[in-house]
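Q: work03.cif is reproduced below (mmCIF, C-alpha atoms).
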```cif
data_coords
#
loop_
_atom_site.label_atom_id
_atom_site.label_comp_id
_atom_site.auth_asym_id
_atom_site.auth_seq_id
_atom_site.Cartn_x
_atom_site.Cartn_y
_atom_site.Cartn_z
CA MET I 1 14.33 -14.65 -7.06
CA ALA I 2 13.58 -11.32 -8.70
CA ARG I 3 12.81 -11.58 -12.40
CA LEU I 4 13.75 -7.98 -13.21
CA LYS I 5 17.25 -6.59 -12.93
CA THR I 6 17.96 -5.09 -9.51
CA ILE I 7 19.29 -1.54 -9.76
CA GLU I 8 21.59 -0.94 -6.83
CA PRO I 9 21.45 2.71 -5.74
CA ALA I 10 25.24 3.09 -5.96
CA GLN I 11 25.13 2.01 -9.62
CA ALA I 12 21.97 3.95 -10.56
CA GLU I 13 22.23 6.60 -13.23
CA GLY I 14 20.22 9.62 -14.32
CA LYS I 15 16.76 10.06 -12.81
CA ALA I 16 17.00 6.80 -10.83
CA LYS I 17 20.18 8.08 -9.18
CA GLU I 18 18.45 11.39 -8.38
CA LEU I 19 15.58 9.53 -6.72
CA PHE I 20 17.84 7.22 -4.71
CA GLU I 21 19.93 10.19 -3.56
CA GLY I 22 16.88 12.40 -2.92
CA PRO I 23 13.52 11.18 -1.65
CA LEU I 24 14.68 7.55 -1.30
CA LYS I 25 17.97 8.28 0.47
CA GLY I 26 18.49 5.53 3.03
CA THR I 27 15.54 3.49 1.70
CA GLU I 28 17.25 0.86 -0.41
CA ILE I 29 14.56 -1.81 -0.50
CA ASN I 30 14.04 -4.33 -3.27
CA ILE I 31 10.75 -2.98 -4.62
CA PHE I 32 12.42 0.36 -5.35
CA LYS I 33 15.49 -1.36 -6.83
CA GLY I 34 13.16 -3.19 -9.22
CA MET I 35 11.08 -0.13 -10.07
CA ALA I 36 14.31 1.75 -10.84
CA ASN I 37 14.52 -0.17 -14.13
CA SER I 38 12.14 2.58 -15.25
CA PRO I 39 12.76 5.82 -13.36
CA ALA I 40 9.32 6.92 -14.59
CA VAL I 41 7.73 4.03 -12.66
CA LEU I 42 9.70 4.81 -9.51
CA ASP I 43 8.88 8.50 -9.85
CA ALA I 44 5.18 7.71 -10.42
CA TYR I 45 5.08 5.61 -7.25
CA LEU I 46 6.75 8.38 -5.23
CA ALA I 47 4.49 11.07 -6.68
CA MET I 48 1.27 9.18 -6.01
CA SER I 49 2.21 8.00 -2.53
CA GLY I 50 3.51 11.47 -1.66
CA ALA I 51 0.33 13.15 -2.84
CA LEU I 52 -1.86 10.73 -0.88
CA GLU I 53 0.13 11.37 2.30
CA LYS I 54 -1.21 14.94 2.12
CA GLY I 55 -4.83 13.81 1.85
CA LEU I 56 -7.72 13.35 4.23
CA LEU I 57 -6.99 9.77 5.24
CA THR I 58 -4.66 9.25 8.19
CA GLY I 59 -1.52 7.16 7.97
CA GLU I 60 -3.27 4.39 9.90
CA GLU I 61 -6.20 4.44 7.46
CA ARG I 62 -3.93 4.37 4.39
CA GLU I 63 -1.87 1.51 5.81
CA ALA I 64 -5.02 -0.45 6.72
CA ILE I 65 -6.07 -0.18 3.06
CA MET I 66 -2.65 -1.38 1.90
CA LEU I 67 -2.82 -4.32 4.29
CA VAL I 68 -6.32 -5.50 3.39
CA ILE I 69 -5.62 -5.22 -0.35
CA GLY I 70 -2.12 -6.69 -0.09
CA GLU I 71 -3.60 -9.69 1.69
CA ALA I 72 -6.49 -9.97 -0.79
CA ASN I 73 -3.98 -9.94 -3.67
CA GLN I 74 -1.62 -12.33 -1.86
CA CYS I 75 1.31 -9.93 -2.09
CA GLY I 76 3.69 -11.09 0.62
CA TYR I 77 6.12 -8.26 -0.06
CA CYS I 78 3.46 -5.57 0.36
CA VAL I 79 1.99 -7.22 3.44
CA ALA I 80 5.46 -7.25 5.01
CA ALA I 81 6.16 -3.65 4.00
CA HIS I 82 2.82 -2.31 5.20
CA THR I 83 2.92 -4.27 8.43
CA MET I 84 6.14 -2.40 9.20
CA LEU I 85 4.83 0.93 7.87
CA GLY I 86 1.47 0.44 9.57
CA LYS I 87 3.19 0.09 12.93
CA GLN I 88 5.22 3.23 12.19
CA ALA I 89 1.93 5.02 11.39
CA GLY I 90 0.41 3.99 14.72
CA LEU I 91 -1.28 0.63 14.13
CA SER I 92 -0.67 -2.00 16.78
CA ASP I 93 0.59 -5.47 15.88
CA GLU I 94 -2.95 -6.74 16.43
CA GLN I 95 -4.43 -4.06 14.17
CA THR I 96 -2.08 -4.98 11.31
CA VAL I 97 -3.44 -8.54 11.49
CA GLU I 98 -7.03 -7.31 11.83
CA ALA I 99 -6.60 -5.15 8.73
CA ARG I 100 -5.35 -8.10 6.70
CA LYS I 101 -8.42 -10.07 7.76
CA ALA I 102 -10.76 -7.09 7.17
CA GLN I 103 -11.95 -7.50 10.76
CA MET I 104 -10.94 -4.31 12.53
CA SER I 105 -12.17 -3.78 16.08
CA ASP I 106 -11.85 0.02 15.72
CA PRO I 107 -15.12 1.19 14.06
CA LYS I 108 -13.50 3.88 11.87
CA LEU I 109 -10.76 1.56 10.62
CA ALA I 110 -13.36 -1.18 10.13
CA ALA I 111 -15.30 1.13 7.82
CA VAL I 112 -12.16 1.89 5.82
CA VAL I 113 -11.10 -1.73 5.29
CA THR I 114 -14.68 -2.84 4.61
CA PHE I 115 -15.10 -0.18 1.95
CA ALA I 116 -11.66 -0.85 0.41
CA LYS I 117 -12.41 -4.57 0.29
CA ALA I 118 -15.77 -3.85 -1.37
CA VAL I 119 -13.99 -1.74 -4.01
CA HIS I 120 -11.65 -4.68 -4.59
CA GLU I 121 -14.24 -7.45 -4.66
CA LYS I 122 -16.71 -5.47 -6.79
CA LYS I 123 -14.00 -4.09 -9.10
CA GLY I 124 -15.15 -0.58 -8.21
CA TRP I 125 -18.84 -1.27 -8.80
CA VAL I 126 -19.77 -0.64 -5.16
CA ASP I 127 -23.43 -0.45 -4.15
CA ASP I 128 -25.15 2.59 -2.68
CA LYS I 129 -25.26 0.68 0.61
CA ASP I 130 -21.43 0.42 0.56
CA LEU I 131 -21.18 4.20 0.12
CA ASP I 132 -23.90 4.86 2.71
CA ALA I 133 -22.18 2.66 5.29
CA PHE I 134 -18.84 4.40 4.71
CA ARG I 135 -20.45 7.84 4.99
CA ALA I 136 -22.34 6.76 8.13
CA ALA I 137 -18.95 6.08 9.74
CA GLY I 138 -18.15 9.79 9.33
CA TYR I 139 -16.40 9.77 5.98
CA THR I 140 -16.93 12.21 3.11
CA ASP I 141 -16.86 12.02 -0.65
CA GLY I 142 -13.23 13.16 -0.45
CA HIS I 143 -12.43 10.14 1.70
CA ILE I 144 -14.21 7.90 -0.82
CA ALA I 145 -12.05 9.30 -3.63
CA GLU I 146 -8.91 8.73 -1.55
CA VAL I 147 -9.83 5.13 -0.73
CA VAL I 148 -10.07 4.49 -4.48
CA ALA I 149 -6.70 6.19 -5.09
CA ASN I 150 -5.01 4.28 -2.26
CA TYR I 151 -6.57 1.09 -3.60
CA ALA I 152 -5.07 1.83 -7.03
CA LEU I 153 -1.65 2.46 -5.48
CA SER I 154 -1.90 -0.84 -3.63
CA VAL I 155 -2.80 -2.77 -6.78
CA PHE I 156 0.10 -1.08 -8.60
CA THR I 157 2.64 -2.23 -6.01
CA ASN I 158 1.02 -5.66 -5.51
CA TYR I 159 1.09 -6.43 -9.22
CA PHE I 160 4.57 -5.00 -9.68
CA ASN I 161 5.80 -7.38 -6.98
CA HIS I 162 3.92 -10.30 -8.56
CA VAL I 163 5.50 -9.64 -11.96
CA ASN I 164 8.95 -9.09 -10.47
CA ASP I 165 8.72 -11.80 -7.79
CA THR I 166 10.46 -9.23 -5.57
CA ASP I 167 12.78 -10.80 -3.01
CA LEU I 168 11.63 -10.11 0.55
CA ASP I 169 14.18 -7.92 2.33
CA LEU I 170 11.87 -6.81 5.14
CA PRO I 171 10.76 -8.50 8.38
CA LYS I 172 8.16 -11.19 7.76
CA PRO I 173 4.66 -10.30 8.95
CA PRO I 174 2.79 -12.53 11.41
CA THR I 175 1.19 -15.62 9.94
CA LEU I 176 -2.60 -15.45 9.85
CA SER I 177 -4.43 -18.14 11.77
#
```
Could you express the structure from this file as structure tokens?

A:
Amino acid sequence: MARLKTIEPAQAEGKAKELFEGPLKGTEINIFKGMANSPAVLDAYLAMSGALEKGLLTGEEREAIMLVIGEANQCGYCVAAHTMLGKQAGLSDEQTVEARKAQMSDPKLAAVVTFAKAVHEKKGWVDDKDLDAFRAAGYTDGHIAEVVANYALSVFTNYFNHVNDTDLDLPKPPTLS
């Protein structure tokens, strides 16, 4: 059960109301209802995710990052959300599971999840060989910067859900074998 108050969009006030009636219209999921306790937090999430949508990484690449990091951080809510969003971005059911395992069959997506997992495991202190391998897959320094930013966004939502113990209101993702 959620440990923070749930702000229902119909009862939201001020900036939270603006966000629920604007960019979040029709997206009344529990993570946003929890974040709405601080409209600044909800706005920060929307600003960062919106900015990254305009970046170099594709939707599939961004969602693969969210899946590998959500799994690494054991965030069931984020894994469920990004399984759904990953499929909307073009990942297959199988690819959403592969991303969670950091074992992508697609070479470009494999490079993304491998690099993101290295950022996670090494707390950002990646080796030159990690950077070289990512660049060898066709990625640029701009892509490297965006992997780090998407990683940070993932940790933000993972940890928010851990603190809140956000109730799952999305379809459950497949169980890993």

Q: For I:Glu53, find every residue with an atom within 12 Å (counting all atoms listed in the file), except residues of its own chain fewer than 2 positions away, and show them as an NGL selection string.

A: :I and (46-51 or 55-63 or 89 or 146 or 149-150 or 153)

Q: Go ahead and write the selection's residues with C-alpha atoms as a tab-separated table (two decimals), keeping the file's coordinate frame.

A:
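Output file out_3.tsv follows:
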```
chain	number	residue	atom	x	y	z
I	46	LEU	CA	6.75	8.38	-5.23
I	47	ALA	CA	4.49	11.07	-6.68
I	48	MET	CA	1.27	9.18	-6.01
I	49	SER	CA	2.21	8.00	-2.53
I	50	GLY	CA	3.51	11.47	-1.66
I	51	ALA	CA	0.33	13.15	-2.84
I	55	GLY	CA	-4.83	13.81	1.85
I	56	LEU	CA	-7.72	13.35	4.23
I	57	LEU	CA	-6.99	9.77	5.24
I	58	THR	CA	-4.66	9.25	8.19
I	59	GLY	CA	-1.52	7.16	7.97
I	60	GLU	CA	-3.27	4.39	9.90
I	61	GLU	CA	-6.20	4.44	7.46
I	62	ARG	CA	-3.93	4.37	4.39
I	63	GLU	CA	-1.87	1.51	5.81
I	89	ALA	CA	1.93	5.02	11.39
I	146	GLU	CA	-8.91	8.73	-1.55
I	149	ALA	CA	-6.70	6.19	-5.09
I	150	ASN	CA	-5.01	4.28	-2.26
I	153	LEU	CA	-1.65	2.46	-5.48
```

Q: Nearest to I:Tyr159: which of I:Pro174, I:Pro39, I:Gly76, I:Gly14 is it, counting only C-alpha atoms?

A: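 Distance minimum relative to I:Tyr159 lands on I:Gly76.
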
Q: As a check of understanding, name the residues that the PyMOL selection byres ((chain I and resi 1) around 7) selects in the supplied structure, as number ranges by chain.

A: I: 2-3, 165-167

Q: Determine the nearest neighbour of I:Leu19 from the options I:Lys5, I:Asp43, I:Leu168, I:Lys129, counting only C-alpha atoms.

A: I:Asp43

Q: Could you list, as a compact mmCIF listing (two decimals) with C-alpha atoms, in the frame of the given file, every residue matched by the PyMOL selection byres ((chain I and resi 115) around 8) in this structure?

A:
```txt
# COMPACT_ATOMS: atom_id res chain seq x y z
CA ALA I 111 -15.30 1.13 7.82
CA VAL I 112 -12.16 1.89 5.82
CA VAL I 113 -11.10 -1.73 5.29
CA THR I 114 -14.68 -2.84 4.61
CA ALA I 116 -11.66 -0.85 0.41
CA LYS I 117 -12.41 -4.57 0.29
CA ALA I 118 -15.77 -3.85 -1.37
CA VAL I 119 -13.99 -1.74 -4.01
CA ASP I 130 -21.43 0.42 0.56
CA LEU I 131 -21.18 4.20 0.12
CA PHE I 134 -18.84 4.40 4.71
CA VAL I 147 -9.83 5.13 -0.73
```

Q: Mind telling me what the PyMOL selection byres ((chain I and resi 17) around 12) catches here, as an MDAnalysis selection string?

A: chainID I and resid 7:16 18:25 28 32:33 36:39 42:43

Q: Of the candidates I:Asn161, I:Asn73, I:Thr83, I:Ser92, which one gets nearest to I:Asn30 if we count all atoms listed in the file?

A: I:Asn161

Q: Using all atoms listed in the file, find the one residue out of I:Ala136, I:Met35, I:Val79, I:Ala64 that sits nearest to I:Leu91.

A: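 Selected residue with least distance to I:Leu91: I:Ala64.
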
Q: In terms of the shortest atom-to-atom distance over all atoms listed in the file, which of I:Ile31, I:Val68, I:Cys75, I:Ile144 is closest to I:Val97?

A: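 Checking each candidate against I:Val97, we get I:Val68 as the closest.
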
Q: Atom CA of I:His162 to atom CA of I:His143: how many Å, to one decimal?

A: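 One can read the atom CA of I:His162 to atom CA of I:His143 distance as 28.1 Å.
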
Q: With distances taken over all atoms listed in the file, which of I:Leu85, I:Val155, I:Val163, I:Ile29 is nearest to I:Glu71?

A: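 Once distances to I:Glu71 are computed over all atoms listed in the file, the minimum belongs to I:Val155.
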
Q: Distance atom CA of I:Ala80-atom CA of I:Leu4, one decimal place?

A: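 Straight-line distance from atom CA of I:Ala80 to atom CA of I:Leu4 works out to 20.0 Å.
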
Q: So how far away is atom CA of I:Leu67 from atom CA of I:Phe160, in Å?

A: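 Separation between atom CA of I:Phe160 and atom CA of I:Leu67: 15.8 Å.
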
Q: Kindly reconstruct stretch 66-87 of chain I with N, CA and C atoms and present the result as a tab-separated table (two decimals), in the frame of the given file.

A:
```tsv
chain	number	residue	atom	x	y	z
I	66	MET	N	-3.75	-0.63	2.52
I	66	MET	CA	-2.65	-1.38	1.90
I	66	MET	C	-2.58	-2.81	2.43
I	67	LEU	N	-2.87	-2.98	3.71
I	67	LEU	CA	-2.82	-4.32	4.29
I	67	LEU	C	-3.97	-5.20	3.81
I	68	VAL	N	-5.18	-4.67	3.81
I	68	VAL	CA	-6.32	-5.50	3.39
I	68	VAL	C	-6.21	-5.86	1.91
I	69	ILE	N	-5.74	-4.93	1.09
I	69	ILE	CA	-5.62	-5.22	-0.35
I	69	ILE	C	-4.39	-6.08	-0.62
I	70	GLY	N	-3.30	-5.83	0.06
I	70	GLY	CA	-2.12	-6.69	-0.09
I	70	GLY	C	-2.43	-8.13	0.25
I	71	GLU	N	-3.20	-8.33	1.31
I	71	GLU	CA	-3.60	-9.69	1.69
I	71	GLU	C	-4.55	-10.28	0.64
I	72	ALA	N	-5.52	-9.48	0.20
I	72	ALA	CA	-6.49	-9.97	-0.79
I	72	ALA	C	-5.79	-10.36	-2.09
I	73	ASN	N	-4.73	-9.64	-2.45
I	73	ASN	CA	-3.98	-9.94	-3.67
I	73	ASN	C	-2.81	-10.88	-3.44
I	74	GLN	N	-2.68	-11.38	-2.22
I	74	GLN	CA	-1.62	-12.33	-1.86
I	74	GLN	C	-0.23	-11.80	-2.20
I	75	CYS	N	0.00	-10.54	-1.86
I	75	CYS	CA	1.31	-9.93	-2.09
I	75	CYS	C	2.09	-9.94	-0.78
I	76	GLY	N	2.90	-10.95	-0.60
I	76	GLY	CA	3.69	-11.09	0.62
I	76	GLY	C	4.62	-9.92	0.86
I	77	TYR	N	5.21	-9.39	-0.21
I	77	TYR	CA	6.12	-8.26	-0.06
I	77	TYR	C	5.38	-7.05	0.49
I	78	CYS	N	4.22	-6.73	-0.10
I	78	CYS	CA	3.46	-5.57	0.36
I	78	CYS	C	2.91	-5.77	1.76
I	79	VAL	N	2.49	-6.97	2.08
I	79	VAL	CA	1.99	-7.22	3.44
I	79	VAL	C	3.12	-7.00	4.44
I	80	ALA	N	4.32	-7.47	4.12
I	80	ALA	CA	5.46	-7.25	5.01
I	80	ALA	C	5.77	-5.76	5.13
I	81	ALA	N	5.83	-5.07	3.99
I	81	ALA	CA	6.16	-3.65	4.00
I	81	ALA	C	5.13	-2.85	4.79
I	82	HIS	N	3.85	-3.13	4.56
I	82	HIS	CA	2.82	-2.31	5.20
I	82	HIS	C	2.52	-2.75	6.63
I	83	THR	N	2.95	-3.93	7.01
I	83	THR	CA	2.92	-4.27	8.43
I	83	THR	C	3.91	-3.37	9.17
I	84	MET	N	5.10	-3.26	8.61
I	84	MET	CA	6.14	-2.40	9.20
I	84	MET	C	5.70	-0.93	9.16
I	85	LEU	N	5.24	-0.46	8.00
I	85	LEU	CA	4.83	0.93	7.87
I	85	LEU	C	3.57	1.24	8.68
I	86	GLY	N	2.67	0.26	8.77
I	86	GLY	CA	1.47	0.44	9.57
I	86	GLY	C	1.80	0.66	11.04
I	87	LYS	N	2.77	-0.10	11.53
I	87	LYS	CA	3.19	0.09	12.93
I	87	LYS	C	3.84	1.47	13.11
```
